[in-house]
file data27.txt (compact mmCIF, C-alpha atoms and all ligand atoms)
# COMPACT_ATOMS: atom_id res chain seq x y z
CA MET A 1 79.57 110.24 96.84
CA ASN A 2 81.61 112.25 99.36
CA ASN A 3 83.58 114.94 97.51
CA ASN A 4 86.49 114.84 99.97
CA THR A 5 87.16 111.13 99.69
CA LEU A 6 88.00 108.88 96.77
CA THR A 7 86.06 105.61 96.86
CA LEU A 8 88.04 102.77 95.31
CA ALA A 9 86.64 99.28 94.69
CA ILE A 10 89.09 96.39 94.89
CA GLN A 11 88.69 92.61 94.83
CA LYS A 12 87.67 91.18 98.19
CA SER A 13 89.62 87.96 97.91
CA GLY A 14 91.32 86.43 94.91
CA ARG A 15 94.25 86.88 92.58
CA LEU A 16 94.00 90.69 92.53
CA SER A 17 93.56 91.41 96.25
CA GLU A 18 97.15 91.14 97.41
CA GLY A 19 98.53 93.06 94.42
CA SER A 20 95.97 95.84 94.89
CA LEU A 21 96.71 96.28 98.60
CA LYS A 22 100.47 96.03 98.01
CA LEU A 23 100.33 98.75 95.35
CA LEU A 24 98.36 101.03 97.70
CA LYS A 25 100.84 100.36 100.49
CA LYS A 26 103.74 101.34 98.22
CA CYS A 27 101.81 104.57 97.58
CA GLY A 28 101.84 105.23 101.35
CA ILE A 29 98.24 104.10 101.84
CA ASP A 30 97.29 101.66 104.60
CA ILE A 31 93.88 100.39 105.62
CA GLN A 32 92.57 100.13 109.16
CA ASN A 33 90.25 97.12 108.82
CA GLY A 34 90.86 94.43 106.23
CA PRO A 35 88.86 92.76 103.45
CA ASN A 36 86.64 90.94 106.00
CA HIS A 37 84.58 94.11 106.04
CA LEU A 38 82.67 95.60 103.11
CA LYS A 39 84.42 98.94 103.48
CA ALA A 40 87.64 100.27 104.97
CA LYS A 41 88.98 103.75 105.60
CA ALA A 42 92.53 104.34 104.52
CA THR A 43 95.27 106.22 106.29
CA GLY A 44 97.81 108.24 104.31
CA PHE A 45 95.29 109.36 101.67
CA PRO A 46 91.62 110.49 101.65
CA LEU A 47 90.50 107.10 100.42
CA GLU A 48 87.77 104.63 101.22
CA LEU A 49 88.01 101.05 99.93
CA ILE A 50 85.07 98.86 99.00
CA PHE A 51 85.79 95.12 98.82
CA LEU A 52 83.84 93.34 96.06
CA ARG A 53 83.87 90.35 93.74
CA ASP A 54 85.82 91.44 90.66
CA ASP A 55 82.75 90.73 88.46
CA ASP A 56 80.81 93.43 90.32
CA ILE A 57 83.42 96.18 90.17
CA PRO A 58 82.56 97.58 86.68
CA GLN A 59 78.90 98.01 87.60
CA TYR A 60 79.66 99.65 90.97
CA VAL A 61 81.97 102.09 89.19
CA GLU A 62 79.46 102.78 86.41
CA ASP A 63 76.75 103.42 89.03
CA GLY A 64 79.07 105.75 90.97
CA VAL A 65 79.01 103.69 94.19
CA ALA A 66 82.79 103.66 93.72
CA SER A 67 84.62 106.39 91.76
CA ALA A 68 87.34 104.01 90.63
CA GLY A 69 88.25 100.36 90.79
CA ILE A 70 91.11 97.91 90.30
CA LEU A 71 90.46 94.72 88.32
CA GLY A 72 91.65 92.59 85.41
CA TYR A 73 91.40 94.19 81.96
CA ASN A 74 89.70 90.96 80.79
CA GLU A 75 86.84 91.57 83.23
CA VAL A 76 86.45 95.18 82.05
CA LEU A 77 86.13 94.01 78.44
CA GLU A 78 83.73 91.23 79.35
CA LYS A 79 81.36 93.40 81.37
CA LYS A 80 81.15 96.24 78.78
CA ARG A 81 80.12 98.85 81.35
CA ASP A 82 80.47 102.59 80.85
CA VAL A 83 83.83 102.93 82.61
CA GLU A 84 87.16 104.38 81.55
CA VAL A 85 90.43 102.40 81.73
CA ILE A 86 92.87 104.97 83.04
CA GLN A 87 96.04 103.08 83.95
CA LYS A 88 97.71 99.70 83.52
CA LEU A 89 98.99 98.50 86.87
CA GLY A 90 101.51 95.84 85.85
CA PHE A 91 100.40 92.94 88.10
CA SER A 92 98.16 89.85 87.67
CA LYS A 93 99.35 89.53 84.09
CA CYS A 94 97.75 86.77 82.04
CA ARG A 95 96.41 86.07 78.56
CA LEU A 96 93.13 84.83 77.13
CA SER A 97 93.68 82.01 74.72
CA ILE A 98 91.99 79.35 72.66
CA ALA A 99 93.11 75.83 73.53
CA VAL A 100 92.28 72.43 72.09
CA ALA A 101 93.09 68.85 73.07
CA ARG A 102 96.77 68.08 72.52
CA ASP A 103 96.12 65.48 69.82
CA VAL A 104 93.65 67.61 67.80
CA HIS A 105 94.96 68.81 64.42
CA TYR A 106 94.41 72.58 64.61
CA THR A 107 94.34 74.06 61.13
CA GLY A 108 94.05 77.74 62.04
CA ARG A 109 91.13 79.94 63.07
CA ASP A 110 88.80 78.32 60.50
CA PHE A 111 89.00 75.18 62.63
CA LEU A 112 86.69 76.92 65.10
CA ASN A 113 83.80 77.17 62.61
CA GLY A 114 80.88 75.06 63.82
CA LYS A 115 82.74 73.95 66.96
CA ARG A 116 81.64 74.10 70.61
CA ILE A 117 83.82 76.47 72.64
CA ALA A 118 83.54 76.52 76.44
CA THR A 119 84.49 79.76 78.19
CA SER A 120 83.95 81.96 81.21
CA TYR A 121 84.35 84.97 78.88
CA PRO A 122 81.46 84.60 76.40
CA GLY A 123 81.33 88.34 75.63
CA ILE A 124 84.98 88.62 74.58
CA LEU A 125 84.74 85.34 72.65
CA LYS A 126 81.61 86.50 70.82
CA ASP A 127 83.40 89.69 69.70
CA PHE A 128 86.48 87.72 68.62
CA LEU A 129 84.40 85.31 66.53
CA ALA A 130 82.41 88.15 64.94
CA ASP A 131 85.59 90.15 64.17
CA ASN A 132 87.05 87.12 62.40
CA GLY A 133 83.90 86.10 60.54
CA LEU A 134 83.71 82.80 62.47
CA THR A 135 80.62 80.97 63.67
CA ALA A 136 80.87 78.70 66.69
CA GLU A 137 78.70 77.56 69.56
CA ILE A 138 79.64 79.43 72.73
CA HIS A 139 79.18 77.45 75.95
CA PRO A 140 79.37 79.86 78.91
CA ILE A 141 80.75 78.09 81.99
CA SER A 142 81.86 79.45 85.34
CA GLY A 143 84.88 77.60 86.69
CA SER A 144 86.88 74.56 85.52
CA VAL A 145 86.51 75.36 81.84
CA GLU A 146 89.66 73.31 81.17
CA VAL A 147 87.97 69.98 81.97
CA THR A 148 85.22 70.35 79.34
CA PRO A 149 87.09 68.99 76.26
CA GLY A 150 88.15 65.89 78.22
CA LEU A 151 84.52 65.29 79.21
CA GLY A 152 83.40 65.60 75.60
CA LEU A 153 81.47 68.80 76.38
CA ALA A 154 83.49 71.11 74.12
CA ASP A 155 85.86 70.99 71.13
CA ALA A 156 87.90 73.96 72.33
CA ILE A 157 88.09 76.35 75.25
CA PHE A 158 88.67 80.08 75.52
CA GLU A 159 90.17 80.79 78.94
CA ILE A 160 92.76 82.63 81.00
CA VAL A 161 96.25 81.21 80.81
CA SER A 162 99.10 82.24 83.06
CA SER A 163 101.83 79.61 83.48
CA GLY A 164 100.07 77.16 81.14
CA GLY A 165 100.12 74.48 83.87
CA THR A 166 96.33 74.02 83.97
CA LEU A 167 96.18 73.48 80.20
CA LEU A 168 99.00 70.98 80.39
CA SER A 169 97.47 68.98 83.23
CA ASN A 170 94.20 68.77 81.30
CA GLY A 171 95.86 67.55 78.10
CA LEU A 172 95.23 70.85 76.27
CA ARG A 173 97.35 72.94 73.92
CA GLU A 174 97.21 76.72 73.48
CA VAL A 175 96.62 77.53 69.80
CA GLU A 176 95.63 81.22 69.71
CA THR A 177 96.35 84.08 72.11
CA ILE A 178 93.48 86.53 71.74
CA LEU A 179 94.17 89.07 74.45
CA HIS A 180 96.84 90.09 76.98
CA SER A 181 95.52 91.26 80.30
CA GLU A 182 96.76 92.74 83.57
CA ALA A 183 95.28 94.64 86.50
CA VAL A 184 94.05 98.09 85.49
CA MET A 185 92.57 101.10 87.21
CA ILE A 186 89.13 102.03 85.92
CA ALA A 187 87.15 105.16 86.73
CA LYS A 188 83.70 106.54 86.21
CA PRO A 189 83.81 109.00 83.31
CA ASP A 190 82.94 112.61 84.20
CA LEU A 191 83.84 112.43 87.89
CA PRO A 192 83.30 115.64 89.85
CA GLY A 193 86.39 117.89 89.77
CA GLN A 194 87.44 117.31 93.38
CA ILE A 195 87.25 113.53 93.05
CA ARG A 196 89.11 113.65 89.71
CA ASP A 197 91.86 115.66 91.47
CA LEU A 198 92.14 113.00 94.17
CA LEU A 199 92.33 110.30 91.52
CA GLU A 200 95.08 112.25 89.72
CA LYS A 201 97.01 112.47 93.01
CA LEU A 202 96.71 108.72 93.49
CA LEU A 203 97.84 108.11 89.89
CA PHE A 204 100.81 110.41 90.49
CA ARG A 205 101.90 108.16 93.37
CA ILE A 206 101.25 105.00 91.34
CA ASN A 207 103.38 106.37 88.50
CA ALA A 208 106.24 107.08 90.91
CA VAL A 209 106.05 103.51 92.22
CA GLN A 210 105.87 101.99 88.72
CA ARG A 211 108.77 104.06 87.43
CA ALA A 212 110.87 102.93 90.40
CA GLU A 213 109.96 99.30 89.82
CA ASN A 214 110.96 99.53 86.17
CA ASN A 215 114.35 100.99 86.96
CA LYS A 216 117.45 100.15 88.98
CA TYR A 217 120.04 102.43 90.52
CA ILE A 218 123.50 101.53 89.31
CA LEU A 219 126.88 102.47 90.80
CA LEU A 220 130.21 101.62 89.21
CA ASN A 221 133.87 102.58 89.18
CA ALA A 222 135.86 103.51 86.09
CA PRO A 223 139.21 105.05 85.17
CA LYS A 224 139.17 108.57 83.73
CA GLU A 225 140.02 107.48 80.16
CA LYS A 226 136.95 105.19 80.01
CA LEU A 227 134.47 107.76 81.31
CA ASP A 228 133.17 109.08 77.98
CA GLU A 229 132.44 105.63 76.60
CA ILE A 230 130.69 104.55 79.81
CA ILE A 231 128.65 107.75 80.12
CA ALA A 232 127.35 107.17 76.59
CA LEU A 233 125.91 103.86 77.82
CA LEU A 234 124.19 105.40 80.87
CA PRO A 235 121.29 107.69 80.04
CA GLY A 236 120.16 108.17 83.69
CA VAL A 237 117.21 110.31 84.75
CA LYS A 238 119.08 113.39 83.48
CA SER A 239 122.77 112.43 83.22
CA PRO A 240 124.97 110.26 85.42
CA THR A 241 126.50 111.60 88.63
CA ILE A 242 130.31 111.43 88.61
CA MET A 243 132.41 111.56 91.78
CA PRO A 244 136.20 111.22 92.15
CA LEU A 245 137.44 108.22 94.13
CA ALA A 246 140.27 108.40 96.66
CA ILE A 247 142.52 106.63 94.10
CA LYS A 248 143.81 109.19 91.60
CA GLY A 249 142.40 108.90 88.07
CA TRP A 250 139.36 106.80 89.14
CA TYR A 251 135.75 107.86 89.38
CA SER A 252 132.45 106.53 90.73
CA LEU A 253 129.44 106.85 88.40
CA HIS A 254 125.82 106.70 89.59
CA SER A 255 122.86 106.38 87.26
CA VAL A 256 119.47 104.80 86.61
CA VAL A 257 118.99 101.91 84.20
CA ASN A 258 115.72 100.61 82.80
CA GLU A 259 114.84 97.03 83.73
CA ASP A 260 114.04 96.18 80.07
CA ASP A 261 117.56 96.68 78.72
CA PHE A 262 119.29 96.07 82.04
CA TRP A 263 121.45 93.01 81.22
CA GLY A 264 122.41 94.39 77.81
CA VAL A 265 123.66 97.60 79.43
CA ILE A 266 125.56 95.71 82.16
CA ASP A 267 127.39 93.61 79.55
CA LYS A 268 128.34 96.70 77.57
CA LEU A 269 129.51 98.50 80.74
CA LYS A 270 131.80 95.62 81.65
CA ASP A 271 133.19 95.51 78.13
CA ALA A 272 133.81 99.27 78.30
CA GLY A 273 135.93 98.86 81.46
CA ALA A 274 133.48 99.43 84.33
CA GLU A 275 134.42 97.76 87.62
CA GLY A 276 132.73 97.12 90.97
CA ILE A 277 129.24 97.41 89.48
CA LEU A 278 126.53 97.67 92.16
CA VAL A 279 122.82 97.53 91.34
CA VAL A 280 120.23 98.57 93.92
CA PRO A 281 116.42 98.82 93.87
CA ILE A 282 114.76 102.24 93.84
CA GLU A 283 111.92 103.06 96.26
CA LYS A 284 110.22 105.88 94.26
CA ILE A 285 111.01 108.08 91.23
CA VAL A 286 109.20 111.40 91.41
CA THR A 287 109.51 113.65 88.38
O1 LIG B 1 85.70 85.83 93.55
P1 LIG B 1 85.95 86.75 92.42
O2 LIG B 1 84.85 86.75 91.38
O3 LIG B 1 86.32 88.13 92.89
O4 LIG B 1 87.29 86.21 91.71
P2 LIG B 1 87.47 85.28 90.42
O5 LIG B 1 87.52 83.87 90.90
O6 LIG B 1 86.52 85.65 89.35
O7 LIG B 1 88.88 85.76 89.88
P3 LIG B 1 90.37 85.36 90.30
O8 LIG B 1 90.71 85.89 91.64
O9 LIG B 1 90.63 83.92 90.03
O10 LIG B 1 91.14 86.19 89.16
C1 LIG B 1 91.03 87.58 89.11
C2 LIG B 1 91.79 88.10 87.90
O11 LIG B 1 93.16 87.69 87.98
C3 LIG B 1 91.35 87.57 86.56
O12 LIG B 1 90.20 88.24 86.06
C4 LIG B 1 92.58 87.85 85.70
O13 LIG B 1 92.58 89.18 85.27
C5 LIG B 1 93.74 87.67 86.68
N1 LIG B 1 94.48 86.40 86.54
C6 LIG B 1 95.83 86.31 86.40
C7 LIG B 1 94.00 85.15 86.53
C8 LIG B 1 95.08 84.28 86.36
N2 LIG B 1 96.22 85.03 86.30
C9 LIG B 1 94.87 82.85 86.31
N3 LIG B 1 95.83 82.10 86.17
N4 LIG B 1 92.73 84.66 86.63
C10 LIG B 1 92.53 83.32 86.58
N5 LIG B 1 93.52 82.41 86.41
C11 LIG B 1 93.10 80.96 86.35
C12 LIG B 1 92.48 80.62 84.99
O14 LIG B 1 91.09 80.80 85.03
C13 LIG B 1 92.86 79.17 84.76
O15 LIG B 1 91.89 78.30 85.27
O16 LIG B 1 94.19 80.10 86.52
C14 LIG B 1 94.14 79.04 85.56
C15 LIG B 1 95.29 79.11 84.62
O17 LIG B 1 96.48 79.33 85.30
P4 LIG B 1 97.85 78.64 84.82
O18 LIG B 1 98.92 79.33 85.61
O19 LIG B 1 97.73 77.17 85.16
O20 LIG B 1 97.98 78.87 83.33
ZN ZN B 2 85.12 86.95 89.37

call {"tool": "encode", "arguments": {"input": "data27.txt", "output": "structure tokens", "more": "lines below"}}
Ligand code: PRT
Ligand code: ZN
result
Amino acid sequence: MNNNTLTLAIQKSGRLSEGSLKLLKKCGIDIQNGPNHLKAKATGFPLELIFLRDDDIPQYVEDGVASAGILGYNEVLEKKRDVEVIQKLGFSKCRLSIAVARDVHYTGRDFLNGKRIATSYPGILKDFLADNGLTAEIHPISGSVEVTPGLGLADAIFEIVSSGGTLLSNGLREVETILHSEAVMIAKPDLPGQIRDLLEKLLFRINAVQRAENNKYILLNAPKEKLDEIIALLPGVKSPTIMPLAIKGWYSLHSVVNEDDFWGVIDKLKDAGAEGILVVPIEKIVT
């Protein structure tokens, strides 16, 4: 481990690769040679990337070959390695669910007792069954878990669901959502101080990117008599900026609105008399 460089493991090719590289790029970090190599040096940050299968990332981080890694939370739980989840990254969101054939009468979790459940996540399934006092036969399978009920190989499956399209096309129905997952940053616990500092710097950039993505910059016009009511609707980073317009008695307000309550706020602003509302994306929010 080089104390002047942070070694980060990311997925070589798959559903996490693009999101991982995109996030780094938004943090001002580019790589010189791509995922066709095992390793790549980054520009814009003292970082070296290692490209791996996502299954291998927890072990490489535990062993210290990489100081940190980006992978699905589901894979972290499944592998049970000694690694720390330090940040949710907001992409590759999915859920792990139990599904049964569409025409099966599912009576609740007790239905699973004595049944055969096919899964590519036997570890998580085992814990779920134990936590709920259920006994079932776990059939570990890698790939195409969804076809097993149709082939008579399983009574239920426990698998990743995103849009639900794969379940639908295999005549299956989601009956229990066990876990929500997304890409996360993991790190080796007890990293040397200098490496921990580098990781903190990277997390600082990631936070700025995430905050920006969760917020929009809003500009609107309003007459003087409506200002108080409108300001009350706009929390902003501190408080809204107010500038007089060329037309007497009118002002321009600038603020930041959270994506979660965005449409609710817009409706209220219109009702309160705001006009010419402009909404623009934010590149970074550094606090
Ligand atoms: O080669 P390597 O081992 O690195 O990759 P992999 O094939 O094991 O993983 P990959 O690239 O398929 O997925 C990596 C991670 O992406 C997973 O561990 C999840 O955290 C996350 N993710 C997000 C998904 C999905 N969405 C997803 N839809 N992983 C898999 N799927 C599959 C799922 O297995 C199922 O077969 O897509 C199907 C369901 O999708 P819908 O949209 O039809 O519901
Ligand atoms: Zn994998």

call {"tool": "residues_near_point", "arguments": {"input": "data27.txt", "point": "(88.6, 68.6, 84.0)", "cutoff": "10 Å", "atoms": "all atoms listed in the file", "output": "ChimeraX atom specification"}}
result
/A:144-151,166-167,169-171

call {"tool": "atom_distance", "arguments": {"input": "data27.txt", "atom1": "CA of Arg173 (chain A)", "atom2": "CA of Arg102 (chain A)"}}
result
5.1 Å

call {"tool": "residues_near_point", "arguments": {"input": "data27.txt", "point": "(96.0, 75.0, 67.5)", "cutoff": "8 Å", "atoms": "only C-alpha atoms", "output": "short mmCIF file (atom, residue, chain, number, x, y, z; two decimals) with C-alpha atoms, in the frame of the given file"}}
result
data_model
loop_
_atom_site.label_atom_id
_atom_site.label_comp_id
_atom_site.auth_asym_id
_atom_site.auth_seq_id
_atom_site.Cartn_x
_atom_site.Cartn_y
_atom_site.Cartn_z
CA ILE A 98 91.99 79.35 72.66
CA ALA A 99 93.11 75.83 73.53
CA VAL A 100 92.28 72.43 72.09
CA VAL A 104 93.65 67.61 67.80
CA HIS A 105 94.96 68.81 64.42
CA TYR A 106 94.41 72.58 64.61
CA THR A 107 94.34 74.06 61.13
CA GLY A 108 94.05 77.74 62.04
CA ARG A 173 97.35 72.94 73.92
CA GLU A 174 97.21 76.72 73.48
CA VAL A 175 96.62 77.53 69.80
CA GLU A 176 95.63 81.22 69.71
#

call {"tool": "axis_aligned_box", "arguments": {"input": "data27.txt", "around": "region 203-220 of chain A", "padding_each_side": "4 Å", "output": "lines of an AutoDock Vina configuration file"}}
result
center_x = 114.0
center_y = 104.9
center_z = 89.8
size_x = 40.4
size_y = 19.1
size_z = 15.2

call {"tool": "atom_distance", "arguments": {"input": "data27.txt", "atom1": "CA of Asp82 (chain A)", "atom2": "atom O12 of ligand LIG 1 (chain B)"}}
result
18.1 Å

call {"tool": "residues_around", "arguments": {"input": "data27.txt", "residues": "Ile230 (chain A)", "least_positions_apart": "3", "cutoff": "12 Å", "atoms": "all atoms listed in the file", "output": "MDAnalysis selection string"}}
result
chainID A and resid 219:227 233:236 239:240 242 251:255 265:275

call {"tool": "residues_around", "arguments": {"input": "data27.txt", "residues": "region 44-54 of chain A", "least_positions_apart": "3", "cutoff": "6 Å", "atoms": "all atoms listed in the file", "output": "PyMOL selection string"}}
result
chain A and resi 5-12+28-29+38-41+57

call {"tool": "residues_near_ligand", "arguments": {"input": "data27.txt", "ligand": "ligand LIG 1 (chain B)", "cutoff": "9 Å", "atoms": "all atoms listed in the file", "output": "number ranges by chain"}}
result
A: 10-17, 52-57, 71-76, 91-96, 120, 142-146, 159-169, 181-183

call {"tool": "atom_distance", "arguments": {"input": "data27.txt", "atom1": "CA of Tyr217 (chain A)", "atom2": "CA of Ile231 (chain A)"}}
result
14.5 Å

call {"tool": "closest_residue", "arguments": {"input": "data27.txt", "among": "A:Ile124, A:Ile218, A:Ile186, A:Ala208", "to": "Ile277 (chain A)", "atoms": "all atoms listed in the file"}}
result
A:Ile218

call {"tool": "residues_around", "arguments": {"input": "data27.txt", "residues": "Glu78 (chain A)", "least_positions_apart": "6", "cutoff": "8 Å", "atoms": "all atoms listed in the file", "output": "NGL selection string"}}
result
:A and (121-124)

call {"tool": "write_last_selection", "arguments": {"input": "data27.txt", "atoms": "C-alpha atoms", "output": "compact mmCIF listing (two decimals), in the frame of the given file"}}
result
# COMPACT_ATOMS: atom_id res chain seq x y z
CA TYR A 121 84.35 84.97 78.88
CA PRO A 122 81.46 84.60 76.40
CA GLY A 123 81.33 88.34 75.63
CA ILE A 124 84.98 88.62 74.58

call {"tool": "residues_around", "arguments": {"input": "data27.txt", "residues": "Gly114 (chain A)", "least_positions_apart": "5", "cutoff": "8 Å", "atoms": "all atoms listed in the file", "output": "PyMOL selection string"}}
result
chain A and resi 135-137

call {"tool": "closest_residue", "arguments": {"input": "data27.txt", "among": "A:Ser67, A:Gln194, A:Asn258, A:Asn214", "to": "Gly90 (chain A)", "atoms": "all atoms listed in the file"}}
result
A:Asn214

call {"tool": "residues_around", "arguments": {"input": "data27.txt", "residues": "Gly133 (chain A)", "least_positions_apart": "5", "cutoff": "12 Å", "atoms": "all atoms listed in the file", "output": "NGL selection string"}}
result
:A and (109-110 or 112-114 or 126-128)

call {"tool": "closest_residue", "arguments": {"input": "data27.txt", "among": "A:Asn132, A:Leu245, A:Cys27, A:Pro58", "to": "ligand ZN 2 (chain B)", "atoms": "all atoms listed in the file"}}
result
A:Pro58

call {"tool": "closest_residue", "arguments": {"input": "data27.txt", "among": "A:Leu89, A:Ala130, A:Leu153, A:Ala187", "to": "Ala118 (chain A)", "atoms": "only C-alpha atoms"}}
result
A:Leu153
